[in-house]
Structure formats: structure tokens, C-alpha cells
There are 2 protein chains.
Amino acid sequence: MSHPHYELLYHPGNPGRGEFIRLALEAARVPYTDVSNSSKEGYSAVQQTCMSPRNLDSSDGNPPVFAPPALRIPAQEGGGKALVIAQTPNILWYLAEKLDLGPKDEAGRYHVQQVVLTALDLNNEVHDTHHPVAVGKYYEEQREEALKKAEDVRETRIPKYLSYFDRVRQHNERDGDGQGKYLVGSKLSIADTTVWQVLDGLMFAFPKEMEARKKEFPELLGAFYDNVKQEGGLKEYLSSKRRLPYSMGVFRYYKELDRQ
Amino acid sequence: MSHPHYELLYHPGNPGRGEFIRLALEAARVPYTDVSNSSKEGYSAVQQTCMSPRNLDSSDGNPPVFAPPALRIPAQEGGGKALVIAQTPNILWYLAEKLDLGPKDEAGRYHVQQVVLTALDLNNEVHDTHHPVAVGKYYEEQREEALKKAEDVRETRIPKYLSYFDRVRQHNERDGDGQGKYLVGSKLSIADTTVWQVLDGLMFAFPKEMEARKKEFPELLGAFYDNVKQEGGLKEYLSSKRRLPYSMGVFRYYKELDRQ
């Protein structure tokens with residue numbers, strides 16, 4: 001199969017929401033350019049396309065983008081124009097189709113997407129643990145509120161989400177071809193890579209909390225989590241320099257926000 | 001065209017996230033059952049399908065659902081089983097295809113979905129103005145934090161989103177067939193109905209704030225907003241009893257959270 005040379009437009013320097021897209025491309029071993037991490041000028045292009053608050057276009061005549069990440073798909077030979085699309089789940093849905101990262105049947109496609117969207121909701125809730133009241137201000141300016149939010153997310157939200165992901169996995173083990181390894185269908189999909197990234201980020205941000213939860217969800221946080229790392233191009237990717245370390249993005253480690 | 005008899009599974013008594021789905025079905029004049037608002041027993045069925053924290057199935061052998069809304073699509077004549085899908089944008093994407101509420105070309109489909117997802121992100125941020133630190137607790141228990149969150153959403157987030165929606169509209173007026181009335185493409189799509197519902201909810205929750213913003217975004221909050229109400233089955237729906245009043249859902253009016 002021949003693929004266009006995809007361009008990921010995202011902030012430089014940490015995994016963030018761009019990571020969900022990197023994992024899909026890397027799992028499928030499809031080459032791409034991670035624009036802001038590939039050259040010094042890269043981030044200017046990302047800002048121009050995705051963060052210009054007055055533009056009526058993102059680029060190449062496409063409508064404006066609210067925020068990164070976006071994916072630029074160059075025009076195919078023989079004409080047309082480049083397509084620029086934004087919003088993480090939208091990009092993942094597009095790539096699932098093009099990279100064969102999900103079932104082909106209608107039910108399977110919508111079931112994959114509902115798991116992806118739910119994992120991304122948890123990703124947003126985790127972001128809000130360190131930014132509960134003001135997106136644009138520093139953590140240190142909202143630390144008191146962050147302590148309350150993190151407690152709620154740890155105690156009521158994380159277990160609710162983990163239970164859901166694990167029941168999706170069990171459902172597909174019992175009735176489908178998931179073998180306990182895949183959330184929907186019989187092979188790796190964007191549901192698996194997206195849930196995996198959120199689990200991995202949670203283990204970084206809340207190590208004590210997640211260690212304690214392993215007793216409740218041993219398969220999800222054990223065999224399922226471990227298996228995804230071995231799929232397709234992911235093993236090579238995860239030990240490469242392209243896999244950025246967590247830092248000041250969505251998943252951050254503040255000792256005081258973890259289980260005490 | 002013949003459509004299956006769709007069933008909307010959502011909480012009873014207020015518009016909430018179910019409203020985005022109602023608007024799509026009503027715009028297309030496609031009959032459906034709003035399960036929890038149609039009979040006394042309706043909400044038990046919704047709870048059984050969407051809110052059972054141990055079930056490995058939602059219903060009809062479909063995988064579990066994290067939270068309402070969900071859409072149940074009965075089996076077609078001649079076999080198969082009912083399909084149950086969850087997550088608001090996922091359901092809207094499904095309905096856009098089936099109800100012809102969006103462009104058919106690839107670029108148009110993904111551009112519609114990116115606007116829908118962005119409008120639903122704003123919907124979530126508005127929810128968090130009254131529930132910034134604990135989803136399951138009362139507003140009164142997090143009022144101090146809510147004052148801070150609402151200030152940030154009003155002052156930095158709402159204008160950023162309104163600017164984005166208006167620039168999408170202008171882009172499609174200039175380069176497409178939007179005539180200033182449609183966000184993507186040349187006729188009503190789920191992008192228009194979804195943005196409309198968020199604008200309408202904002203006008204209820206933050207009347208002073210939105211009145212002041214009309215000067216900055218006169219077309220979006222004027223002609224665009226007014227036109228959507230006249231499209232397809234929406235005029236009839238919006239004056240019917242099926243259109244529920246806002247109350248204690250996502251969009252709530254607390255005087256102290258509005259512009260002072």
C-alpha cells in the first residue's frame with residue numbers, strides 16, 4: 001500500500017494529544033513528519049496553521065482550526081488540494097480507515113470510535129486535575145483547586161473509566177475475537193492504542209494510584225497493556241527517540257496530586 | 001426514504017447532551033422515541049443499557065456504554081441485531097450519514113466533524129463552570145471554584161470559540177456555498193445544529209455575557225443563529241413540547257456566574 005506523506009501538526013516537546021496520532025501512524029509503520037519536532041522552523045508552521053486567531057483558513061484553502069493537533073494530507077498526484085483536518089478523534093477516525101486500524105463492519109467502526117472518544121474524555125479530565133479553573137494560568141496559581149479535582153478524578157472517575165475499558169475488553173473476549181488483547185474486533189485498532197496511551201499516562205501521573213488499581217484490573221493493566229506495546233511498529237517506536245518523555249503536557253507528575 | 005425507528009437513550013427532563021441528537025433527528029423530520037421522556041418506565045431502560053456499572057453488554061449483545069446518550073437502532077427486517085452506539089459525536093456522525101445532514105465528499109465530512117467536536121468541547125467547558133472540581137457533588141459545594149472557572153470560560157474561552165465558529169462560517173461564505181448561513185457545505189449539517197445548540201445554551205446560561213458579545217459577532221449570533229431555527233423540521237420542533245426547557249443540566253443559569 002502506498003500512503004501520502006502525513007504531516008502531524010502539534011506542539012513540540014511533549015507527547016500530549018499528538019501522541020494518539022503518532023501511535024496510530026507508528027503502529028501501522030507509516031512514515032510521517034512530526035512538524036514541530038523535526039526542524040527549528042516547524043513550530044511556526046504549526047502556529048500559522050492551527051493557532052492564528054484571525055485566519056479564515058488553516059492552510060491550503062482549508063477552513064480554520066481551533067487548536068492543535070491537526071493532520072495535513074498532501075494532495076495526491078494528479079491534482080486536488082491538500083486536506084487539513086483537526087480534532088484528535090476526527091484524525092484518528094480518518095487514519096483508522098486509511099491505515100486499516102479498525103474493523104470494517106459498521107457496528108465495529110462505531111464501537112471503536114465510542115471507546116476512542118471515551119478514552120479522550122478521560123484524557124481531558126486528567127488535564128483538568130492540574131488545570132481545574134483556568135486553562136491559561138499556571139498550575140501553581142490553582143493548586144488548591146487542583147488538589148480537590150485530582151482527588152475526585154482519582155477516587156471516582158479513574159475507577160469508573162477503568163471498569164468500562166475492562167468490560168469492553170471482556171465483552172470482546174467473550175463474544176468476539178479479542179482474545180482479551182483487543183478491545184474491539186480481532187486485531188489492533190485505534191481503540192487499543194488510544195486507551196493504552198491514557199493508561200500509560202495515568203501510570204506516569206498517578207503512580208501510587210495506578211499501582212493500587214492493579215489489584216482491581218489485573219488484566220487491563222497487565223496483559224492488555226503489555227500486549228499493545230508489542231503490536232506492529234509500536235515496540236520499535238516506544239524505544240526510539242521519537243517517543244517523547246512526559247513533561248509539562250496533559251500527563252504531569254505532581255506528588256501531591258497522587259494517592260497519598 | 002425509510003428509516004429505522006431510532007431510540008434515543010438519555011436522562012429525562014432536560015435537553016443535555018441528548019439535545020444534539022434530537023436536533024439532528026428533528027431537522028431531518030425522522031420519527032424517534034425519546035425513551036426516558038416517553039414513558040414512566042423509560043428511564044429504567046436507559047439506566048439498564050447505559051448506566052449499569054457491571055454489565056458486559058449495553059443491550060442486544062452490544063458492548064458496554066460508559067454514559068448516556070446512546071442511540072439504539074433496531075434490527076432491520078430480514079435479520080441482524082440491533083445496534084447500540086454511544087458518545088454524542090459518534091451518534092451525530094452516524095446520523096449525518098443516514099439522514100443526509102452533511103456533505104458527501106471526504107473533506108466536507110471531516111470538516112463537519114471537526115466543528116462538531118469543537119462545539120462539544122465548549123459544551124463540556126460550560127458544564128465545568130458549575131462543576132469545576134467534582135462531577136458528582138452539588139454546585140453549592142464548589143461555588144467558590146465555580147466563580148473562578150466561570151470567569152475564565154467567559155473571558156478567555158467563549159470569545160475564542162465564538163471567533164472560531166464565526167471564521168468557519170466566513171470561510172464557507174467566501175469559498176464555499178454557505179451563504180453565511182451554513183458552516184460547512186451548502187445546506188444544513190450537524191455542524192450547524194450542534195453549534196446552534198451551544199449558542200442557544202450559552203444565551204440561557206450567560207445572558208449578559210452573550211448580549212455583550214453580540215457586538216463582536218453580530219452575524220454568528222444574529223442571522224446565522226436565527227436561520228438555523230427555520231431549517232427543516234426545527235421550527236416546528238422548537239415550539240413543540242418535545243423541546244425541553246433548560247433546567248439543571250449542562251446549561252444552568254446562576255446569576256453570579258454571568259458577567260456582572
# chains A, B, ... in the order shown; residues from 1 in each chain; ligands from 1
call {"tool": "residues_around", "arguments": {"residues": "segment 30-37 of chain A", "least_positions_apart": "6", "cutoff": "10 Å", "atoms": "only C-alpha atoms", "output": "MDAnalysis selection string"}}
result
chainID A and resid 1:14 18 22 24 43:47 71:73 99 233 242 244
call {"tool": "residues_around", "arguments": {"residues": "segment 154-164 of chain B", "least_positions_apart": "3", "cutoff": "10 Å", "atoms": "only C-alpha atoms", "output": "PyMOL selection string"}}
result
(chain A and resi 53-56+63-67+134-136) or (chain B and resi 115+118-119+121-122+125-126+129+149-151+167-170+195+199+202+206+209-210+213+216-217+220-221+257-259)
call {"tool": "select_by_dssp", "arguments": {"residues": "segment 5-208 of chain A", "states": "strand (DSSP E)", "output": "JSON, numbers by chain"}}
result
{"A": [6, 7, 8, 9, 32, 33, 34, 70, 71, 72, 73, 83, 84, 85, 86]}
call {"tool": "select_by_dssp", "arguments": {"residues": "segment 157-223 of chain A", "states": "alpha helix (DSSP H)", "output": "PyMOL selection string"}}
result
chain A and resi 158-174+190-205+207-213+218-219
call {"tool": "atom_distance", "arguments": {"atom1": "atom CA of Val198 of chain B", "atom2": "atom CA of Tyr94 of chain B"}}
result
20.0 Å
call {"tool": "residues_around", "arguments": {"residues": "Glu236 of chain A", "least_positions_apart": "5", "cutoff": "10 Å", "atoms": "only C-alpha atoms", "output": "list in words"}}
result
Glu26, Ala27, Arg29, Lys229, Gln230, Glu231, Lys241, Arg242 and Arg243 of chain A
